[in-house]
file final.cif (mmCIF, C-alpha atoms)
data_entry
loop_
_atom_site.label_atom_id
_atom_site.label_comp_id
_atom_site.auth_asym_id
_atom_site.auth_seq_id
_atom_site.Cartn_x
_atom_site.Cartn_y
_atom_site.Cartn_z
CA MET A 1 -32.63 -156.05 -95.91
CA LEU A 2 -31.49 -154.05 -98.90
CA GLY A 3 -35.04 -152.89 -99.50
CA THR A 4 -35.37 -151.76 -95.91
CA THR A 5 -32.07 -149.88 -96.15
CA LEU A 6 -33.12 -148.15 -99.37
CA TRP A 7 -36.48 -147.22 -97.83
CA LEU A 8 -34.75 -145.71 -94.81
CA ALA A 9 -32.38 -143.77 -97.06
CA VAL A 10 -35.29 -142.36 -99.04
CA ALA A 11 -37.20 -141.54 -95.87
CA ILE A 12 -34.20 -139.78 -94.36
CA GLY A 13 -33.65 -137.86 -97.61
CA LEU A 14 -37.28 -136.73 -97.71
CA LEU A 15 -37.15 -135.74 -94.03
CA ALA A 16 -33.97 -133.76 -94.59
CA ALA A 17 -35.50 -131.97 -97.59
CA THR A 18 -38.61 -131.17 -95.57
CA MET A 19 -36.53 -129.81 -92.70
CA LEU A 20 -34.47 -127.67 -95.09
CA ASP A 21 -37.66 -126.27 -96.68
CA ALA A 22 -39.09 -125.54 -93.24
CA ALA A 23 -35.87 -123.82 -92.16
CA ALA A 24 -35.86 -121.73 -95.35
CA ALA A 25 -39.52 -120.77 -94.85
CA PHE A 26 -38.85 -119.89 -91.21
CA GLY A 27 -35.85 -117.78 -92.20
CA HIS A 28 -37.90 -116.02 -94.90
CA ALA A 29 -40.71 -115.28 -92.44
CA GLY A 30 -38.17 -114.01 -89.91
CA VAL A 31 -36.69 -111.58 -92.42
CA HIS A 32 -40.12 -110.17 -93.31
CA ALA A 33 -41.07 -109.88 -89.63
CA ALA A 34 -37.86 -107.93 -89.02
CA ALA A 35 -38.65 -105.74 -92.05
CA ASP A 36 -42.15 -105.01 -90.71
CA HIS A 37 -40.60 -104.00 -87.39
CA ALA A 38 -38.13 -101.76 -89.24
CA VAL A 39 -41.04 -100.06 -91.05
CA GLU A 40 -42.75 -99.18 -87.77
CA THR A 41 -39.56 -97.76 -86.29
CA ALA A 42 -38.78 -95.80 -89.46
CA MET A 43 -42.31 -94.35 -89.50
CA GLN A 44 -41.74 -92.82 -86.07
CA ASP A 45 -38.30 -91.57 -87.14
CA ALA A 46 -39.68 -90.02 -90.33
CA VAL A 47 -42.25 -87.90 -88.50
CA ALA A 48 -39.76 -86.85 -85.81
CA ASP A 49 -37.18 -86.00 -88.48
CA TYR A 50 -39.72 -83.86 -90.32
CA GLN A 51 -40.69 -82.07 -87.11
CA THR A 52 -37.03 -81.24 -86.47
CA ALA A 53 -36.67 -79.86 -90.00
CA LEU A 54 -39.87 -77.87 -89.53
CA GLN A 55 -38.57 -76.35 -86.29
CA THR A 56 -35.37 -75.28 -88.07
CA ALA A 57 -37.43 -73.81 -90.89
CA VAL A 58 -39.55 -71.74 -88.49
CA VAL A 59 -36.56 -70.45 -86.53
CA GLN A 60 -34.41 -69.68 -89.59
CA GLY A 61 -37.20 -68.67 -91.96
CA THR A 62 -36.25 -71.27 -94.55
CA PRO A 63 -38.55 -73.77 -96.32
CA VAL A 64 -38.62 -77.50 -95.66
CA ALA A 65 -37.78 -79.67 -98.65
CA ASN A 66 -40.89 -80.91 -100.45
CA PRO A 67 -40.97 -83.83 -100.56
CA PHE A 68 -38.80 -84.44 -97.51
CA GLN A 69 -36.73 -87.58 -98.16
CA ARG A 70 -34.15 -89.70 -96.36
CA THR A 71 -32.43 -92.96 -97.32
CA TYR A 72 -30.31 -95.05 -94.97
CA ALA A 73 -28.32 -97.75 -96.74
CA ALA A 74 -27.59 -101.16 -95.26
CA ASP A 75 -24.61 -101.05 -92.91
CA PRO A 76 -21.84 -103.40 -94.07
CA ALA A 77 -20.38 -103.29 -90.56
CA GLU A 78 -23.20 -105.56 -89.40
CA GLY A 79 -21.44 -108.46 -91.14
CA SER A 80 -22.93 -111.51 -92.75
CA GLY A 81 -24.45 -112.72 -89.51
CA GLY A 82 -27.00 -109.91 -89.23
CA THR A 83 -29.99 -108.83 -91.33
CA ARG A 84 -29.14 -105.71 -93.26
CA PHE A 85 -31.87 -103.37 -94.52
CA THR A 86 -32.01 -100.24 -96.62
CA VAL A 87 -34.65 -97.90 -95.20
CA ALA A 88 -36.08 -94.98 -97.16
CA TYR A 89 -38.88 -92.60 -96.22
CA GLN A 90 -40.65 -89.69 -97.85
CA VAL A 91 -42.82 -87.06 -96.16
CA THR A 92 -45.12 -85.03 -98.42
CA PRO A 93 -47.29 -82.16 -97.11
CA THR A 94 -50.87 -82.48 -98.39
CA THR A 95 -52.58 -79.47 -96.81
CA VAL A 96 -55.13 -78.07 -99.26
CA LEU A 97 -56.63 -75.28 -97.15
CA ALA A 98 -54.97 -74.25 -93.89
CA PRO A 99 -57.14 -73.06 -90.98
CA ALA A 100 -57.53 -69.28 -90.93
CA CYS A 101 -58.32 -67.06 -87.97
CA SER A 102 -60.21 -64.66 -90.23
CA GLY A 103 -62.68 -67.38 -91.13
CA ALA A 104 -62.54 -66.45 -94.81
CA ALA A 105 -60.23 -69.26 -95.91
CA SER A 106 -61.96 -71.81 -93.72
CA ALA A 107 -65.45 -71.29 -95.13
CA GLY A 108 -67.20 -73.78 -97.37
CA GLY A 109 -67.25 -77.54 -97.21
CA ALA A 110 -63.83 -78.18 -95.69
CA PRO A 111 -64.10 -81.63 -94.06
CA ASP A 112 -61.83 -81.06 -91.06
CA ALA A 113 -62.38 -78.88 -88.00
CA ILE A 114 -60.55 -77.65 -84.93
CA GLY A 115 -62.32 -77.33 -81.59
CA TRP A 116 -60.41 -74.22 -80.58
CA LEU A 117 -57.84 -72.53 -82.82
CA GLN A 118 -55.41 -70.35 -80.87
CA CYS A 119 -55.13 -67.18 -82.92
CA ASP A 120 -53.13 -65.34 -80.28
CA GLY A 121 -50.19 -63.63 -82.00
CA THR A 122 -47.73 -65.50 -79.83
CA ILE A 123 -49.11 -68.97 -80.61
CA ALA A 124 -50.44 -68.43 -84.16
CA GLU A 125 -51.76 -71.99 -84.32
CA SER A 126 -52.32 -73.78 -87.60
CA ARG A 127 -52.31 -77.30 -89.08
CA ALA A 128 -50.27 -79.31 -91.56
CA SER A 129 -51.21 -82.67 -93.01
CA LEU A 130 -48.59 -85.15 -94.19
CA ARG A 131 -48.44 -88.37 -96.14
CA VAL A 132 -45.55 -90.50 -94.88
CA THR A 133 -44.28 -93.42 -96.96
CA VAL A 134 -41.67 -95.85 -95.61
CA ARG A 135 -39.96 -98.54 -97.69
CA VAL A 136 -37.63 -101.29 -96.47
CA ALA A 137 -35.44 -103.30 -98.84
CA ASP A 138 -32.75 -105.91 -98.35
CA ALA A 139 -29.07 -105.22 -98.98
CA ALA A 140 -29.52 -106.10 -102.66
CA GLY A 141 -32.37 -103.60 -103.06
CA ALA A 142 -35.26 -106.08 -103.18
CA ALA A 143 -38.41 -104.64 -101.58
CA LEU A 144 -39.45 -106.28 -98.31
CA ALA A 145 -42.08 -103.98 -96.81
CA GLN A 146 -43.84 -100.65 -97.36
CA ARG A 147 -46.26 -98.64 -95.27
CA ASP A 148 -48.15 -95.37 -95.78
CA GLN A 149 -49.55 -93.22 -93.01
CA TYR A 150 -51.43 -89.92 -92.81
CA VAL A 151 -50.31 -87.57 -90.05
CA THR A 152 -51.76 -84.29 -88.81
CA LEU A 153 -49.44 -81.79 -87.13
CA ARG A 154 -50.59 -79.00 -84.88
CA LEU A 155 -48.34 -76.01 -85.69
CA PHE A 156 -47.24 -73.13 -83.46
CA ALA A 157 -45.10 -70.03 -83.90
CA VAL A 158 -43.27 -70.84 -80.65
CA ALA A 159 -41.62 -73.94 -79.19
CA PRO A 160 -42.37 -76.81 -79.55
CA TYR A 161 -43.44 -75.54 -83.02
CA SER A 162 -45.35 -78.74 -83.83
CA ALA A 163 -47.14 -81.64 -82.17
CA VAL A 164 -48.66 -84.78 -83.65
CA VAL A 165 -52.43 -84.74 -83.11
CA GLY A 166 -53.54 -87.36 -85.61
CA ARG A 167 -52.31 -90.56 -87.24
CA LYS A 168 -54.11 -92.90 -89.59
CA ASP A 169 -52.91 -95.89 -91.56
CA GLY A 170 -52.95 -95.28 -95.30
CA ASP A 171 -55.34 -98.21 -95.84
CA ALA A 172 -57.84 -97.19 -93.17
CA ALA A 173 -61.22 -95.71 -94.05
CA ASP A 174 -62.32 -92.22 -93.05
CA PRO A 175 -65.11 -91.66 -90.51
CA ALA A 176 -68.56 -91.90 -92.09
CA SER A 177 -69.99 -89.09 -89.95
CA ALA A 178 -70.50 -85.69 -91.57
CA ASP A 179 -69.38 -84.02 -88.33
CA ALA A 180 -65.60 -83.65 -88.47
CA LEU A 181 -65.44 -83.37 -84.69
CA ALA A 182 -67.48 -86.51 -84.07
CA GLU A 183 -65.68 -89.59 -82.78
CA PRO A 184 -63.52 -90.78 -84.34
CA ALA A 185 -62.30 -87.42 -85.58
CA HIS A 186 -60.60 -87.46 -88.97
CA GLU A 187 -57.00 -88.58 -88.37
CA GLY A 188 -57.67 -88.19 -84.67
CA ASP A 189 -57.31 -84.40 -84.64
CA LEU A 190 -58.59 -83.33 -81.22
CA GLY A 191 -55.84 -80.78 -80.53
CA GLY A 192 -57.35 -77.75 -78.82
CA ALA A 193 -60.75 -79.43 -78.55
CA THR A 194 -60.62 -80.50 -74.92
CA LEU A 195 -61.79 -78.17 -72.20
CA SER A 196 -60.28 -79.38 -68.95
CA GLY A 197 -60.46 -82.88 -70.34
CA SER A 198 -64.02 -82.77 -71.76
CA PRO A 199 -64.45 -82.45 -75.56
CA ALA A 200 -66.76 -79.52 -76.21
CA VAL A 201 -67.26 -76.41 -78.30
CA PRO A 202 -69.76 -74.27 -76.38
CA ALA A 203 -71.92 -71.86 -78.34
CA ALA A 204 -71.43 -69.19 -75.71
CA GLY A 205 -69.81 -68.75 -72.35
CA PRO A 206 -66.42 -68.04 -70.84
CA TRP A 207 -63.24 -68.96 -72.66
CA PRO A 208 -62.04 -72.43 -71.73
CA ALA A 209 -59.11 -73.43 -69.60
CA GLY A 210 -57.16 -76.66 -69.38
CA GLY A 211 -57.19 -79.39 -71.98
CA THR A 212 -54.62 -79.27 -74.78
CA LEU A 213 -54.53 -75.48 -75.17
CA ILE A 214 -51.19 -73.71 -74.80
CA HIS A 215 -51.50 -71.20 -72.00
CA VAL A 216 -50.08 -67.70 -72.42
CA ARG A 217 -49.02 -65.57 -69.45
CA TYR A 218 -48.30 -61.87 -69.69
CA GLU A 219 -45.93 -60.05 -67.36
CA CYS A 220 -45.75 -56.30 -66.91
CA HIS A 221 -42.33 -54.71 -66.45
CA ASP A 222 -42.04 -51.07 -65.41
CA GLY A 223 -40.69 -48.98 -68.21
CA ALA A 224 -42.24 -45.84 -69.60
CA GLY A 225 -45.29 -46.42 -67.41
CA SER A 226 -46.30 -48.11 -64.18
CA CYS A 227 -47.53 -51.69 -63.71
CA ALA A 228 -49.48 -50.80 -60.59
CA ASN A 229 -52.86 -50.59 -62.30
CA ALA A 230 -52.00 -52.28 -65.57
CA ALA A 231 -54.56 -54.77 -66.89
CA PRO A 232 -52.99 -57.61 -68.90
CA PRO A 233 -54.77 -58.66 -72.08
CA ASP A 234 -56.93 -61.77 -71.98
CA PRO A 235 -54.59 -64.65 -72.94
CA ASP A 236 -57.54 -66.53 -74.45
CA ASP A 237 -58.88 -63.59 -76.42
CA GLY A 238 -57.47 -65.07 -79.61
CA LEU A 239 -59.42 -68.35 -79.46
CA ARG A 240 -61.67 -69.18 -82.40
CA ALA A 241 -64.15 -72.03 -82.13
CA GLY A 242 -64.88 -74.66 -84.78
CA VAL A 243 -62.50 -73.42 -87.49
CA ARG A 244 -62.67 -75.66 -90.56
CA TRP A 245 -59.87 -76.68 -92.91
CA SER A 246 -59.04 -79.26 -95.57
CA ASN A 247 -56.06 -81.58 -95.44
CA GLY A 248 -56.02 -83.36 -98.79
CA ASN A 249 -55.88 -86.80 -97.21
CA HIS A 250 -59.65 -86.86 -97.14
CA PRO A 251 -60.99 -88.81 -100.15
CA PRO A 252 -63.15 -86.92 -102.67
CA PRO A 253 -66.93 -87.20 -102.15
#

call {"tool": "encode", "arguments": {"input": "final.cif", "output": "structure tokens"}}
result
Amino acid sequence: MLGTTLWLAVAIGLLAATMLDAAAAFGHAGVHAAADHAVETAMQDAVADYQTALQTAVVQGTPVANPFQRTYAADPAEGSGGTRFTVAYQVTPTTVLAPACSGAASAGGAPDAIGWLQCDGTIAESRASLRVTVRVADAAGAALAQRDQYVTLRLFAVAPYSAVVGRKDGDAADPASADALAEPAHEGDLGGATLSGSPAVPAAGPWPAGGTLIHVRYECHDGAGSCANAAPPDPDDGLRAGVRWSNGNHPPP
């Protein structure tokens, strides 16, 4: 009887220890899953935050901090019952050679290309490439998760000033094709490359309409002259096809 009792006590003790270990492992996995979710959310916030700063810089003529950094400490108000994280992100521009309407700066072996670059003075389209790094730590500062992502922004001189046209995980490989416009395009940059929904860069023909281009409309207002026979300029006259550029996120050959 005593032996049976001792065996049951040992069995119960082992079962309790196993259950405690399982609960600890489950809790540990839950914390890391929450941290991974926090990384994804912070990645979106980091890019949006940078775009807001970029808009302010364009409007006010001031530079954006380089690197652009933010840190959000764990909130003590969440109490001991909640998971508290410290989230930090850094956005670093990596553009090596920006696209140029003149064609001079975009010559050579630049690996990236734009289907149609809008060189109209109102739009003044360009590109910026970014490396975004997000880190999540617990309240004590111990690292829980980190993620890097490459982002391509399509830039304009007018609102909305920027638009995300490419994202790629920092661990992902680049396309093997030598054609920067081939699928999948490097970092997904197809901004300006769709003509009414069909990717194309025609060698000759009329200027395209539709797609992702920003349309410009001119209005004539009577002033010194008359609008009766005025001919507005071609809003697509500033389009340049197949402009190449280099974003620095492309690995060396």

call {"tool": "atom_distance", "arguments": {"input": "final.cif", "atom1": "CA of Ala139 in chain A", "atom2": "CA of Asp49 in chain A"}}
result
23.4 Å

call {"tool": "closest_residue", "arguments": {"input": "final.cif", "among": "A:Ala159, A:Ile214, A:Ile114, A:Cys119", "to": "Val243 in chain A", "atoms": "only C-alpha atoms"}}
result
A:Ile114

call {"tool": "atom_distance", "arguments": {"input": "final.cif", "atom1": "CA of Tyr89 in chain A", "atom2": "CA of Asp45 in chain A"}}
result
9.2 Å

call {"tool": "atom_distance", "arguments": {"input": "final.cif", "atom1": "CA of Ala35 in chain A", "atom2": "CA of Phe85 in chain A"}}
result
7.6 Å

call {"tool": "resolve_selection", "arguments": {"input": "final.cif", "expression": "the PyMOL selection byres ((chain A and resi 221-238) around 8)", "output": "list of chain:residue names"}}
result
A:Gln118, A:Cys119, A:Asp120, A:Gly121, A:Trp207, A:Pro208, A:His215, A:Val216, A:Arg217, A:Tyr218, A:Glu219, A:Cys220, A:Leu239, A:Arg240

call {"tool": "write_last_selection", "arguments": {"input": "final.cif", "atoms": "C-alpha atoms", "output": "PDB file, in the frame of the given file"}}
result
ATOM      1  CA  GLN A 118     -55.410 -70.350 -80.870  1.00  0.00           C
ATOM      2  CA  CYS A 119     -55.130 -67.180 -82.920  1.00  0.00           C
ATOM      3  CA  ASP A 120     -53.130 -65.340 -80.280  1.00  0.00           C
ATOM      4  CA  GLY A 121     -50.190 -63.630 -82.000  1.00  0.00           C
ATOM      5  CA  TRP A 207     -63.240 -68.960 -72.660  1.00  0.00           C
ATOM      6  CA  PRO A 208     -62.040 -72.430 -71.730  1.00  0.00           C
ATOM      7  CA  HIS A 215     -51.500 -71.200 -72.000  1.00  0.00           C
ATOM      8  CA  VAL A 216     -50.080 -67.700 -72.420  1.00  0.00           C
ATOM      9  CA  ARG A 217     -49.020 -65.570 -69.450  1.00  0.00           C
ATOM     10  CA  TYR A 218     -48.300 -61.870 -69.690  1.00  0.00           C
ATOM     11  CA  GLU A 219     -45.930 -60.050 -67.360  1.00  0.00           C
ATOM     12  CA  CYS A 220     -45.750 -56.300 -66.910  1.00  0.00           C
ATOM     13  CA  LEU A 239     -59.420 -68.350 -79.460  1.00  0.00           C
ATOM     14  CA  ARG A 240     -61.670 -69.180 -82.400  1.00  0.00           C
TER      15      ARG A 240
END

call {"tool": "resolve_selection", "arguments": {"input": "final.cif", "expression": "the PyMOL selection byres ((chain A and resi 71) around 7)", "output": "list of chain:residue names"}}
result
A:Gln69, A:Arg70, A:Tyr72, A:Ala73, A:Val87, A:Ala88, A:Tyr89

call {"tool": "residues_around", "arguments": {"input": "final.cif", "residues": "Gln44 in chain A", "least_positions_apart": "5", "cutoff": "12 Å", "atoms": "all atoms listed in the file", "output": "PyMOL selection string"}}
result
chain A and resi 37-39+49-51+89+91+132-134+147-149+151+164+167

call {"tool": "write_last_selection", "arguments": {"input": "final.cif", "atoms": "C-alpha atoms", "output": "PDB file, in the coordinates of the input"}}
result
ATOM      1  CA  HIS A  37     -40.600-104.000 -87.390  1.00  0.00           C
ATOM      2  CA  ALA A  38     -38.130-101.760 -89.240  1.00  0.00           C
ATOM      3  CA  VAL A  39     -41.040-100.060 -91.050  1.00  0.00           C
ATOM      4  CA  ASP A  49     -37.180 -86.000 -88.480  1.00  0.00           C
ATOM      5  CA  TYR A  50     -39.720 -83.860 -90.320  1.00  0.00           C
ATOM      6  CA  GLN A  51     -40.690 -82.070 -87.110  1.00  0.00           C
ATOM      7  CA  TYR A  89     -38.880 -92.600 -96.220  1.00  0.00           C
ATOM      8  CA  VAL A  91     -42.820 -87.060 -96.160  1.00  0.00           C
ATOM      9  CA  VAL A 132     -45.550 -90.500 -94.880  1.00  0.00           C
ATOM     10  CA  THR A 133     -44.280 -93.420 -96.960  1.00  0.00           C
ATOM     11  CA  VAL A 134     -41.670 -95.850 -95.610  1.00  0.00           C
ATOM     12  CA  ARG A 147     -46.260 -98.640 -95.270  1.00  0.00           C
ATOM     13  CA  ASP A 148     -48.150 -95.370 -95.780  1.00  0.00           C
ATOM     14  CA  GLN A 149     -49.550 -93.220 -93.010  1.00  0.00           C
ATOM     15  CA  VAL A 151     -50.310 -87.570 -90.050  1.00  0.00           C
ATOM     16  CA  VAL A 164     -48.660 -84.780 -83.650  1.00  0.00           C
ATOM     17  CA  ARG A 167     -52.310 -90.560 -87.240  1.00  0.00           C
TER      18      ARG A 167
END

call {"tool": "closest_residue", "arguments": {"input": "final.cif", "among": "A:Arg154, A:Arg244, A:Arg135, A:Arg84", "to": "Met43 in chain A", "atoms": "all atoms listed in the file"}}
result
A:Arg135
